file work01.txt (compact mmCIF, C-alpha atoms)
# COMPACT_ATOMS: atom_id res chain seq x y z
CA MET A 1092 102.50 116.87 242.42
CA LYS A 1093 105.89 118.38 241.73
CA ALA A 1094 108.73 115.90 241.55
CA ILE A 1095 110.72 117.84 244.12
CA SER A 1096 107.99 117.54 246.77
CA LYS A 1097 107.68 113.82 245.98
CA ASP A 1098 111.40 113.49 246.66
CA ARG A 1099 111.06 115.29 249.97
CA ILE A 1100 108.15 113.18 251.16
CA ARG A 1101 109.91 109.97 250.15
CA THR A 1102 113.11 111.05 251.88
CA ILE A 1103 111.20 111.71 255.09
CA ARG A 1104 109.29 108.41 254.86
CA LYS A 1105 112.48 106.45 254.22
CA THR A 1106 114.46 108.01 257.06
CA TRP A 1107 111.64 108.85 259.44
CA LYS A 1108 113.72 108.01 262.50
CA ARG A 1109 116.34 110.55 261.53
CA PHE A 1110 113.64 113.06 260.61
CA LEU A 1111 111.91 112.58 263.95
CA SER A 1112 115.20 112.97 265.83
CA ILE A 1113 115.97 116.21 264.04
CA VAL A 1114 112.46 117.52 264.70
CA LEU A 1115 112.78 116.64 268.38
CA MET A 1116 116.23 118.21 268.59
CA ALA A 1117 114.98 121.35 266.91
CA MET A 1118 112.01 121.51 269.29
CA LEU A 1119 114.23 120.97 272.30
CA GLY A 1120 116.69 123.59 271.07
CA THR A 1121 113.95 126.11 270.41
CA GLY A 1122 112.40 125.39 273.80
CA VAL A 1123 115.67 125.88 275.63
CA PHE A 1124 116.45 129.04 273.69
CA VAL A 1125 112.98 130.51 274.33
CA GLY A 1126 113.33 129.53 277.98
CA ILE A 1127 116.65 131.29 278.33
CA ARG A 1128 115.41 134.39 276.57
CA ALA A 1129 112.21 134.52 278.59
CA SER A 1130 113.67 133.70 281.99
CA GLY A 1131 116.21 136.52 281.71
CA ASN A 1132 113.42 139.05 281.25
CA ASN A 1133 111.34 137.32 283.90
CA MET A 1134 114.10 137.53 286.46
CA LEU A 1135 114.69 141.21 285.73
CA HIS A 1136 110.98 141.90 285.99
CA GLN A 1137 110.72 139.95 289.22
CA LEU A 1138 113.66 141.83 290.71
CA LYS A 1139 112.24 145.16 289.62
CA SER A 1140 108.87 144.54 291.22
CA TYR A 1141 110.59 143.27 294.35
CA TYR A 1142 112.56 146.50 294.60
CA ASP A 1143 109.35 148.42 293.95
CA ILE A 1144 107.68 146.83 297.00
CA TYR A 1145 110.74 147.11 299.24
CA PRO A 1146 112.34 150.38 298.26
CA VAL A 1147 116.05 150.27 298.95
CA PHE A 1148 117.97 153.41 299.65
CA ASP A 1149 119.93 154.86 296.76
CA LEU A 1150 122.88 155.91 298.84
CA LYS A 1151 124.33 154.70 302.08
CA LEU A 1152 126.64 157.02 303.99
CA SER A 1153 128.71 155.60 306.77
CA SER A 1154 131.61 156.82 308.82
CA THR A 1155 134.03 155.14 311.16
CA LEU A 1156 133.95 158.27 313.29
CA GLY A 1157 130.18 158.08 313.51
CA MET A 1158 127.45 160.33 312.17
CA THR A 1159 125.67 162.83 314.36
CA LYS A 1160 122.06 164.04 314.38
CA GLU A 1161 123.34 167.29 312.83
CA ASP A 1162 124.89 165.36 309.99
CA LEU A 1163 121.55 163.65 309.36
CA GLU A 1164 119.68 166.96 309.41
CA ALA A 1165 122.19 168.52 307.04
CA ILE A 1166 121.67 165.66 304.63
CA GLN A 1167 117.90 165.83 304.99
CA ASN A 1168 118.00 169.52 304.11
CA LEU A 1169 119.71 168.94 300.80
CA ASP A 1170 117.48 169.69 297.80
CA GLN A 1171 118.34 166.46 296.06
CA VAL A 1172 117.44 164.33 299.05
CA LYS A 1173 113.85 163.17 299.30
CA GLU A 1174 114.25 161.32 302.54
CA ALA A 1175 117.08 160.40 304.86
CA TYR A 1176 117.16 158.34 308.01
CA GLY A 1177 119.83 157.07 310.28
CA ILE A 1178 120.35 153.65 311.75
CA TYR A 1179 122.98 152.14 313.99
CA GLU A 1180 125.05 149.38 312.51
CA LEU A 1181 127.83 147.19 313.85
CA ASP A 1182 129.90 144.19 312.85
CA ALA A 1183 130.10 141.47 315.47
CA TYR A 1184 130.90 137.80 315.91
CA LEU A 1185 128.43 135.02 316.31
CA GLU A 1186 129.65 131.73 317.65
CA THR A 1187 128.04 128.38 316.99
CA GLY A 1188 129.85 125.34 318.28
CA ASP A 1189 133.47 125.89 317.32
CA THR A 1190 132.98 128.17 314.32
CA GLN A 1191 132.88 131.90 314.44
CA HIS A 1192 130.84 133.90 311.95
CA VAL A 1193 130.85 137.58 311.25
CA VAL A 1194 127.44 139.16 311.39
CA LYS A 1195 126.14 142.60 310.65
CA VAL A 1196 123.98 143.96 313.41
CA SER A 1197 121.53 146.61 312.20
CA GLN A 1198 118.88 148.67 313.82
CA VAL A 1199 115.26 147.94 312.93
CA LEU A 1200 113.04 150.88 312.00
CA PRO A 1201 109.54 149.39 311.94
CA ASP A 1202 108.08 152.14 309.73
CA LYS A 1203 110.71 151.69 306.99
CA LYS A 1204 110.43 148.66 304.80
CA GLN A 1205 114.00 147.52 305.30
CA PHE A 1206 113.18 143.85 304.84
CA GLU A 1207 110.33 141.47 304.37
CA LEU A 1208 109.30 139.46 307.35
CA ILE A 1209 108.66 135.97 306.05
CA GLU A 1210 108.11 134.22 309.36
CA GLY A 1211 107.45 135.18 312.96
CA THR A 1212 107.11 138.72 314.34
CA LEU A 1213 109.16 141.90 314.56
CA PRO A 1214 111.25 142.20 317.73
CA SER A 1215 109.39 143.98 320.52
CA ALA A 1216 111.72 143.49 323.49
CA ILE A 1217 115.36 144.46 323.96
CA ASP A 1218 116.59 140.89 323.83
CA GLU A 1219 114.78 139.92 320.63
CA CYS A 1220 115.97 139.94 317.04
CA VAL A 1221 115.14 139.04 313.46
CA ILE A 1222 117.62 137.13 311.36
CA ASP A 1223 118.09 136.72 307.63
CA GLN A 1224 116.71 133.55 306.08
CA ASP A 1225 120.13 132.56 304.67
CA MET A 1226 121.60 132.81 308.14
CA ALA A 1227 118.76 130.75 309.57
CA LYS A 1228 119.40 128.08 306.96
CA ASP A 1229 123.21 128.08 307.30
CA LEU A 1230 123.33 127.98 311.09
CA GLU A 1231 120.14 125.95 311.52
CA VAL A 1232 118.57 128.56 313.75
CA LYS A 1233 114.79 128.48 314.25
CA ILE A 1234 112.33 130.95 315.71
CA GLY A 1235 112.50 130.81 319.49
CA ASP A 1236 116.18 129.85 319.54
CA GLN A 1237 118.73 131.83 321.52
CA ILE A 1238 121.80 133.22 319.80
CA GLN A 1239 124.90 134.65 321.37
CA ILE A 1240 126.77 137.52 319.74
CA LYS A 1241 130.10 138.94 320.71
CA GLU A 1242 131.70 142.26 319.93
CA ASP A 1243 135.26 142.66 318.79
CA ALA A 1244 137.32 141.16 321.64
CA GLU A 1245 140.05 143.77 321.53
CA GLU A 1246 137.71 146.56 322.54
CA GLU A 1247 137.40 147.57 326.15
CA GLU A 1248 134.34 146.79 328.22
CA GLU A 1249 133.10 150.41 328.32
CA GLU A 1250 133.37 150.70 324.57
CA GLN A 1251 130.96 147.87 324.00
CA VAL A 1252 127.81 149.19 322.42
CA LEU A 1253 125.40 146.29 322.75
CA VAL A 1254 123.33 146.04 325.90
CA GLN A 1255 122.14 142.54 325.29
CA THR A 1256 124.26 139.88 323.61
CA ASN A 1257 121.96 136.97 324.34
CA LEU A 1258 119.15 137.28 321.85
CA LYS A 1259 115.97 135.38 321.12
CA VAL A 1260 115.04 134.97 317.48
CA THR A 1261 111.47 136.11 316.85
CA GLY A 1262 111.39 136.30 313.08
CA ILE A 1263 113.04 135.35 309.82
CA SER A 1264 113.56 138.03 307.19
CA GLN A 1265 114.32 138.39 303.53
CA SER A 1266 116.01 141.59 302.44
CA PRO A 1267 116.49 143.16 299.05
CA LEU A 1268 119.97 144.08 300.25
CA ALA A 1269 120.85 140.45 300.81
CA ILE A 1270 119.56 138.60 297.81
CA THR A 1271 122.96 137.38 296.70
CA GLU A 1272 125.25 134.92 298.43
CA GLU A 1273 127.68 137.74 299.16
CA LYS A 1274 126.44 139.88 302.02
CA GLY A 1275 129.00 142.64 301.78
CA THR A 1276 132.26 143.34 303.54
CA SER A 1277 132.87 143.77 307.24
CA THR A 1278 135.27 145.80 309.35
CA LEU A 1279 136.34 142.77 311.36
CA GLY A 1280 139.55 141.42 309.88
CA ALA A 1281 139.57 140.61 306.23
CA ARG A 1282 136.55 138.40 306.54
CA LYS A 1283 133.39 139.00 304.64
CA SER A 1284 130.31 139.17 306.74
CA ARG A 1285 128.24 136.22 305.77
CA ILE A 1286 125.11 137.05 307.55
CA PHE A 1287 122.64 139.81 307.73
CA TYR A 1288 121.12 140.46 311.05
CA PHE A 1289 118.45 142.78 312.36
CA ASN A 1290 117.62 143.68 315.90
CA PRO A 1291 115.72 146.40 317.76
CA CYS A 1292 117.17 149.83 318.21
CA ARG A 1293 116.95 149.68 321.95
CA GLN A 1294 119.87 147.33 321.81
CA TYR A 1295 122.35 150.12 321.59
CA ARG A 1296 123.78 152.05 324.49
CA PHE A 1297 124.56 155.50 323.24
CA MET B 741 130.33 133.15 213.25
CA SER B 742 130.19 129.75 214.91
CA TYR B 743 127.50 128.54 217.27
CA ILE B 744 129.88 128.12 220.18
CA GLU B 745 133.03 130.21 220.36
CA PHE B 746 135.79 130.15 222.99
CA LYS B 747 138.21 133.05 222.70
CA ASN B 748 141.37 133.38 224.83
CA VAL B 749 139.61 131.75 227.76
CA LYS B 750 141.65 131.53 230.93
CA LYS B 751 140.61 129.93 234.18
CA GLU B 752 142.63 130.13 237.36
CA TYR B 753 141.87 128.55 240.73
CA LYS B 754 143.38 130.05 243.83
CA MET B 755 144.42 127.50 246.42
CA GLY B 756 145.70 129.70 249.20
CA GLU B 757 148.93 131.16 247.87
CA VAL B 758 149.16 128.89 244.87
CA ILE B 759 147.42 129.75 241.63
CA ILE B 760 146.47 126.77 239.51
CA GLN B 761 145.91 127.42 235.84
CA ALA B 762 143.17 125.10 234.67
CA LEU B 763 142.73 126.76 231.31
CA ASP B 764 145.42 128.77 229.58
CA ASP B 765 144.38 130.70 226.49
CA THR B 766 141.84 128.27 225.08
CA ASN B 767 140.43 128.89 221.60
CA PHE B 768 137.97 126.74 219.67
CA SER B 769 134.63 126.92 217.92
CA ILE B 770 131.79 124.46 217.39
CA GLU B 771 129.07 124.58 214.73
CA LYS B 772 125.38 124.10 215.42
CA GLY B 773 124.20 120.47 215.31
CA GLU B 774 127.74 119.11 215.41
CA LEU B 775 128.88 116.24 217.55
CA THR B 776 132.17 117.23 219.21
CA VAL B 777 134.43 114.97 221.22
CA ILE B 778 136.92 116.46 223.66
CA VAL B 779 139.87 114.21 224.48
CA GLY B 780 142.92 114.63 226.65
CA PRO B 781 144.63 113.34 229.78
CA SER B 782 143.39 114.04 233.30
CA GLY B 783 143.93 117.60 234.43
CA ALA B 784 144.11 118.96 230.89
CA GLY B 785 141.11 121.25 231.43
CA LYS B 786 138.36 119.24 229.73
CA THR B 787 135.91 119.31 232.62
CA THR B 788 136.65 122.97 233.33
CA THR B 789 135.78 123.79 229.73
CA LEU B 790 132.53 121.86 229.99
CA ASN B 791 131.63 123.49 233.31
CA ILE B 792 132.18 126.95 231.84
CA LEU B 793 130.09 126.03 228.82
CA GLY B 794 127.38 124.66 231.09
CA GLY B 795 127.24 127.87 233.14
CA MET B 796 128.46 126.11 236.27
CA ASP B 797 131.80 127.91 236.43
CA ARG B 798 133.10 131.36 235.57
CA VAL B 799 136.07 132.27 233.39
CA SER B 800 138.97 134.33 234.73
CA SER B 801 139.36 136.16 231.42
CA GLY B 802 138.33 135.78 227.78
CA THR B 803 134.95 135.33 226.15
CA ALA B 804 132.73 132.31 225.67
CA LYS B 805 129.89 132.83 223.22
CA VAL B 806 126.95 130.49 222.84
CA ASP B 807 124.42 131.25 220.09
CA GLY B 808 125.69 134.83 219.89
CA LYS B 809 125.36 135.35 223.66
CA ASP B 810 128.46 135.96 225.77
CA ILE B 811 127.90 133.72 228.79
CA THR B 812 130.85 135.20 230.67
CA LYS B 813 128.89 138.44 230.95
CA LEU B 814 125.73 136.88 232.38
CA LYS B 815 124.61 137.75 235.89
CA GLU B 816 123.97 134.98 238.40
CA LYS B 817 120.21 134.94 237.75
CA GLU B 818 120.65 134.95 233.99
CA LEU B 819 123.12 132.13 234.36
CA VAL B 820 120.51 130.08 236.23
CA LYS B 821 118.05 130.69 233.40
CA TYR B 822 120.74 129.77 230.87
CA ARG B 823 121.46 126.51 232.69
CA ARG B 824 117.77 125.68 232.94
CA ASP B 825 116.71 126.49 229.38
CA ASP B 826 119.74 126.03 227.15
CA ILE B 827 121.85 123.28 228.68
CA GLY B 828 121.43 119.55 229.13
CA PHE B 829 124.10 117.90 231.24
CA VAL B 830 124.99 114.22 231.49
CA PHE B 831 127.34 113.22 234.30
CA GLN B 832 129.72 110.32 234.62
CA PHE B 833 127.94 109.01 237.71
CA TYR B 834 124.41 109.86 236.50
CA ASN B 835 123.41 112.07 239.48
CA LEU B 836 119.86 110.75 239.57
CA VAL B 837 117.60 111.46 242.53
CA GLN B 838 117.41 108.13 244.33
CA ASN B 839 113.96 108.69 245.78
CA LEU B 840 112.32 109.35 242.42
CA THR B 841 111.41 106.90 239.67
CA ALA B 842 112.93 107.21 236.19
CA LYS B 843 109.94 109.17 234.93
CA GLU B 844 109.86 111.43 237.99
CA ASN B 845 113.56 112.14 237.57
CA VAL B 846 112.87 113.34 234.04
CA GLU B 847 109.87 115.35 235.21
CA LEU B 848 112.00 116.99 237.89
CA ALA B 849 114.15 118.61 235.20
CA LEU B 850 111.16 119.51 233.05
CA GLN B 851 109.36 121.36 235.81
CA ILE B 852 112.00 124.07 235.83
CA CYS B 853 112.54 124.73 232.12
CA LYS B 854 110.74 126.63 229.39
CA ASN B 855 109.52 124.31 226.66
CA PRO B 856 110.13 120.71 227.61
CA LEU B 857 109.34 117.58 225.64
CA ASP B 858 106.94 114.85 226.75
CA PRO B 859 108.75 112.70 229.35
CA ASP B 860 107.05 109.44 228.28
CA GLN B 861 108.06 109.99 224.66
CA VAL B 862 111.67 110.76 225.57
CA LEU B 863 111.96 107.73 227.83
CA GLU B 864 110.58 105.62 224.99
CA ASP B 865 113.19 107.12 222.66
CA VAL B 866 116.02 106.05 224.97
CA GLY B 867 114.48 102.57 225.21
CA LEU B 868 113.16 102.70 228.76
CA LYS B 869 109.44 102.49 228.07
CA GLU B 870 109.06 99.45 230.33
CA ARG B 871 111.29 100.74 233.13
CA LYS B 872 110.00 104.27 233.62
CA ASN B 873 108.37 103.48 236.97
CA ASN B 874 111.49 101.92 238.44
CA PHE B 875 113.72 103.63 240.95
CA PRO B 876 117.41 104.21 240.07
CA SER B 877 118.47 101.47 242.50
CA GLN B 878 116.39 99.02 240.47
CA LEU B 879 118.11 99.96 237.20
CA SER B 880 121.47 98.90 235.77
CA GLY B 881 124.26 101.41 235.19
CA GLY B 882 123.50 101.69 231.48
CA GLU B 883 119.80 102.17 232.18
CA GLN B 884 120.55 104.81 234.77
CA GLN B 885 122.75 106.64 232.28
CA ARG B 886 119.94 106.47 229.74
CA VAL B 887 117.56 108.00 232.28
CA SER B 888 120.11 110.72 232.83
CA ILE B 889 120.35 111.33 229.06
CA ALA B 890 116.56 111.32 228.79
CA ARG B 891 116.46 113.89 231.57
CA ALA B 892 118.91 116.10 229.67
CA ILE B 893 117.23 115.69 226.26
CA ALA B 894 113.69 116.21 227.56
CA LYS B 895 114.62 119.74 228.56
CA ASN B 896 114.94 120.38 224.82
CA PRO B 897 118.32 122.07 225.29
CA LYS B 898 120.41 123.89 222.72
CA ILE B 899 123.54 122.06 223.83
CA LEU B 900 123.94 118.63 225.37
CA LEU B 901 127.10 118.36 227.49
CA CYS B 902 128.35 114.93 228.52
CA ASP B 903 131.20 114.53 230.99
CA GLU B 904 132.58 110.98 230.59
CA PRO B 905 129.15 109.47 229.95
CA THR B 906 130.58 105.99 229.45
CA GLY B 907 133.21 106.19 232.19
CA ALA B 908 131.35 103.92 234.57
CA LEU B 909 129.94 101.54 231.97
CA ASP B 910 131.15 98.37 230.28
CA TYR B 911 132.04 98.11 226.59
CA ASN B 912 128.63 97.18 225.14
CA THR B 913 126.58 99.43 227.37
CA GLY B 914 128.97 102.29 226.66
CA LYS B 915 128.47 101.71 222.97
CA GLN B 916 124.71 101.84 223.33
CA ILE B 917 124.97 105.12 225.20
CA LEU B 918 127.27 106.65 222.59
CA LYS B 919 124.92 105.52 219.82
CA LEU B 920 122.06 107.13 221.68
CA LEU B 921 124.03 110.37 221.90
CA GLN B 922 124.97 110.24 218.21
CA ASP B 923 121.38 109.55 217.20
CA THR B 924 120.17 112.38 219.39
CA CYS B 925 122.58 114.73 217.69
CA ARG B 926 121.55 113.64 214.20
CA GLU B 927 117.79 113.40 214.72
CA LYS B 928 117.08 116.25 217.10
CA LYS B 929 119.80 118.56 215.70
CA ILE B 930 121.10 119.21 219.20
CA THR B 931 124.74 120.26 219.51
CA VAL B 932 126.43 117.50 221.52
CA ILE B 933 129.79 117.76 223.28
CA ILE B 934 131.25 114.61 224.81
CA ILE B 935 134.30 114.39 227.05
CA THR B 936 136.15 111.12 226.97
CA HIS B 937 139.46 109.43 227.76
CA ASN B 938 138.88 106.95 225.00
CA THR B 939 140.52 108.32 221.84
CA ALA B 940 139.04 105.48 219.78
CA ILE B 941 135.53 106.83 219.98
CA ALA B 942 136.71 110.13 218.54
CA GLU B 943 135.91 108.56 215.18
CA MET B 944 132.20 109.08 215.72
CA ALA B 945 132.53 112.86 216.02
CA ASP B 946 132.30 115.68 213.48
CA GLN B 947 135.09 117.41 215.31
CA VAL B 948 137.72 116.30 217.80
CA ILE B 949 139.34 118.79 220.17
CA SER B 950 142.43 117.61 222.03
CA PHE B 951 143.47 119.22 225.29
CA LYS B 952 146.88 119.22 226.88
CA ASN B 953 147.99 121.14 229.98
CA GLY B 954 145.10 123.58 229.85
CA LYS B 955 145.61 124.34 226.17
CA VAL B 956 143.94 123.15 223.00
CA SER B 957 146.67 121.10 221.35
CA ASP B 958 144.78 119.94 218.27
CA ILE B 959 141.48 120.51 216.47
CA ARG B 960 140.60 117.96 213.84
CA LYS B 961 137.52 118.05 211.58
CA ASN B 962 136.09 114.69 210.63
CA PRO B 963 134.07 114.97 207.38
CA ASN B 964 132.83 111.38 207.53
CA PRO B 965 132.01 110.37 211.10
CA THR B 966 131.86 106.63 211.68
CA PRO B 967 128.59 105.28 213.08
CA VAL B 968 129.18 104.03 216.64
CA GLU B 969 128.27 100.44 215.67
CA ARG B 970 131.35 100.16 213.51
CA ILE B 971 133.83 101.49 216.05
CA GLU B 972 135.77 98.88 218.02
CA TRP B 973 138.12 99.51 220.90
call {"tool": "encode", "arguments": {"input": "work01.txt", "output": "structure tokens"}}
result
Amino acid sequence: MKAISKDRIRTIRKTWKRFLSIVLMAMLGTGVFVGIRASGNNMLHQLKSYYDIYPVFDLKLSSTLGMTKEDLEAIQNLDQVKEAYGIYELDAYLETGDTQHVVKVSQVLPDKKQFELIEGTLPSAIDECVIDQDMAKDLEVKIGDQIQIKEDAEEEEEEQVLVQTNLKVTGISQSPLAITEEKGTSTLGARKSRIFYFNPCRQYRF
Amino acid sequence: MSYIEFKNVKKEYKMGEVIIQALDDTNFSIEKGELTVIVGPSGAGKTTTLNILGGMDRVSSGTAKVDGKDITKLKEKELVKYRRDDIGFVFQFYNLVQNLTAKENVELALQICKNPLDPDQVLEDVGLKERKNNFPSQLSGGEQQRVSIARAIAKNPKILLCDEPTGALDYNTGKQILKLLQDTCREKKITVIIITHNTAIAEMADQVISFKNGKVSDIRKNPNPTPVERIEW
């Protein structure tokens, strides 16, 4: 055997504890590195397939003055637009105990995959709603519970758009639009709306 | 032409902004089979000269010829080959591999060079026949230095370079080592160059080169070298 290999083997045998530690450290390091590399790709892949199942709109148009049916038709008639649909949306308050949260109230279109229903059923009556799972967790709301929402207090009675403000939770949802902690901005004060909220279209009085 | 020839060799080290001149216009020559002793105070450039000769350092300017070959012109790979095949080096602190026995240490050097000698024979020549299976930690300083010399000689080098070979040894052991080096030079016709602080042992050499401040201050030929046994210091 070559003298140099003899030296190596004897060095390892003499300091096997150190050798073992270095081997373990190297294995741990490699494992962590591979994990980081792989999980990045995994997460991207996961997200991509999630967005494939629940197609999110590419563009959201909104106006403080409101959009009309003609606006919608005009957009639908554009060559570049494959599909366009309109929903009603509104920022409102939700009170639990002594804290007030800002919620986004959106119309549910059952034939569009706006969100994934992970528990319960879609709302079928005017006083029923589906809430986001983060909201359910934060406010400890369960299926069957009643929630009370309130529109902006400064507005006059006749300007209120919601017919029912006492709602029964029938389902918990998960939405590709609300996968991060941040749920987007709201028009009520400077506060960010924390919670996503879905309810049936019949809610609105227009 | 001489066997080894140093012509106008300069060596500068850059330490940040400061340039340190280790060798300043060094000239000397050494004949084949001669025993040369290099003396001089610390920092005079002795070790730098030896490192250049051993292919472990590069010159800044000038030429250094060994056996008609200019080693300053060698490429990195050729320099490795030069170090492996032509040079034997003995260090002050032996530089033996602690995990290998005396014989394996010698074999280690032999496995990388062209036409080595038999390791058992060489170890017998340096008087370590009985100790060749001992590890360096089981050997005395003098014995370790002899292993280191055996390792250098067994490579069958053209030049044997020794940097303070007796620096870490006591009087008697040092004498034995110097005798071994002198005998090696005489019997195997290897050119030996020894660096030392001890001017007394210059008597044993065919030629004494004195260094001072990076320059050769004196070259003295010694027509009748004294055998090491008769030198006292």
call {"tool": "interface_residues", "arguments": {"input": "work01.txt", "of": "chain B", "to": "chain A", "cutoff": "10 Å", "atoms": "all atoms listed in the file", "output": "list in words"}}
result
Val837, Gln838, Asn839, Leu840, Thr841, Lys843, Glu844, Asn845, Val846, Glu847, Leu848, Ala849, Leu850 and Gln851 of chain B
call {"tool": "residues_around", "arguments": {"input": "work01.txt", "residues": "Asp810 in chain B", "least_positions_apart": "5", "cutoff": "10 Å", "atoms": "only C-alpha atoms", "output": "PyMOL selection string"}}
result
chain B and resi 744-746+803-805
call {"tool": "atom_distance", "arguments": {"input": "work01.txt", "atom1": "CA of Gly828 in chain B", "atom2": "CA of Glu864 in chain B"}}
result
18.1 Å
call {"tool": "residues_around", "arguments": {"input": "work01.txt", "residues": "Ile949 in chain B", "least_positions_apart": "2", "cutoff": "10 Å", "atoms": "all atoms listed in the file", "output": "JSON list (two decimals) with C-alpha atoms, in the coordinates of the input"}}
result
[["chain", "number", "residue", "atom", "x", "y", "z"],
["B", 768, "PHE", "CA", 137.97, 126.74, 219.67],
["B", 769, "SER", "CA", 134.63, 126.92, 217.92],
["B", 770, "ILE", "CA", 131.79, 124.46, 217.39],
["B", 776, "THR", "CA", 132.17, 117.23, 219.21],
["B", 777, "VAL", "CA", 134.43, 114.97, 221.22],
["B", 778, "ILE", "CA", 136.92, 116.46, 223.66],
["B", 779, "VAL", "CA", 139.87, 114.21, 224.48],
["B", 780, "GLY", "CA", 142.92, 114.63, 226.65],
["B", 786, "LYS", "CA", 138.36, 119.24, 229.73],
["B", 935, "ILE", "CA", 134.30, 114.39, 227.05],
["B", 942, "ALA", "CA", 136.71, 110.13, 218.54],
["B", 945, "ALA", "CA", 132.53, 112.86, 216.02],
["B", 947, "GLN", "CA", 135.09, 117.41, 215.31],
["B", 951, "PHE", "CA", 143.47, 119.22, 225.29],
["B", 956, "VAL", "CA", 143.94, 123.15, 223.00],
["B", 957, "SER", "CA", 146.67, 121.10, 221.35],
["B", 958, "ASP", "CA", 144.78, 119.94, 218.27],
["B", 959, "ILE", "CA", 141.48, 120.51, 216.47],
["B", 960, "ARG", "CA", 140.60, 117.96, 213.84],
["B", 961, "LYS", "CA", 137.52, 118.05, 211.58]]
call {"tool": "closest_residue", "arguments": {"input": "work01.txt", "among": "B:Lys854, B:Lys869, B:Lys955, B:Lys747", "to": "Ile811 in chain B", "atoms": "all atoms listed in the file"}}
result
B:Lys747
call {"tool": "residues_around", "arguments": {"input": "work01.txt", "residues": "Leu909 in chain B", "least_positions_apart": "5", "cutoff": "8 Å", "atoms": "all atoms listed in the file", "output": "tab-separated table (two decimals) with C-alpha atoms, in the coordinates of the input"}}
result
chain	number	residue	atom	x	y	z
B	881	GLY	CA	124.26	101.41	235.19
B	882	GLY	CA	123.50	101.69	231.48
B	914	GLY	CA	128.97	102.29	226.66
call {"tool": "atom_distance", "arguments": {"input": "work01.txt", "atom1": "CA of Glu816 in chain B", "atom2": "CA of Leu790 in chain B"}}
result
17.8 Å
call {"tool": "decode", "arguments": {"input": "work01.txt", "residues": "range 821-852 of chain B", "atoms": "C-alpha atoms", "output": "compact mmCIF listing (two decimals), in the first residue's frame"}}
result
# COMPACT_ATOMS: atom_id res chain seq x y z
CA LYS B 821 9.32 17.36 -11.23
CA TYR B 822 12.59 19.12 -10.40
CA ARG B 823 11.80 19.06 -6.69
CA ARG B 824 10.81 15.40 -6.83
CA ASP B 825 13.70 14.05 -8.89
CA ASP B 826 16.68 16.33 -8.32
CA ILE B 827 16.40 17.68 -4.79
CA GLY B 828 16.71 16.16 -1.34
CA PHE B 829 15.78 18.48 1.50
CA VAL B 830 16.60 18.16 5.20
CA PHE B 831 14.79 20.51 7.55
CA GLN B 832 15.75 21.85 10.95
CA PHE B 833 12.68 20.30 12.58
CA TYR B 834 12.73 17.08 10.51
CA ASN B 835 9.17 17.39 9.09
CA LEU B 836 8.48 13.68 9.38
CA VAL B 837 4.96 12.32 9.00
CA GLN B 838 3.98 11.38 12.54
CA ASN B 839 1.61 8.61 11.53
CA LEU B 840 4.20 6.71 9.52
CA THR B 841 7.11 4.59 10.71
CA ALA B 842 10.70 5.49 9.82
CA LYS B 843 10.67 3.13 6.86
CA GLU B 844 7.27 4.32 5.65
CA ASN B 845 8.45 7.92 5.86
CA VAL B 846 11.32 7.04 3.54
CA GLU B 847 9.00 5.10 1.24
CA LEU B 848 6.65 8.09 1.08
CA ALA B 849 9.37 10.14 -0.63
CA LEU B 850 10.42 7.28 -2.87
CA GLN B 851 6.95 6.68 -4.24
CA ILE B 852 6.99 10.02 -6.03
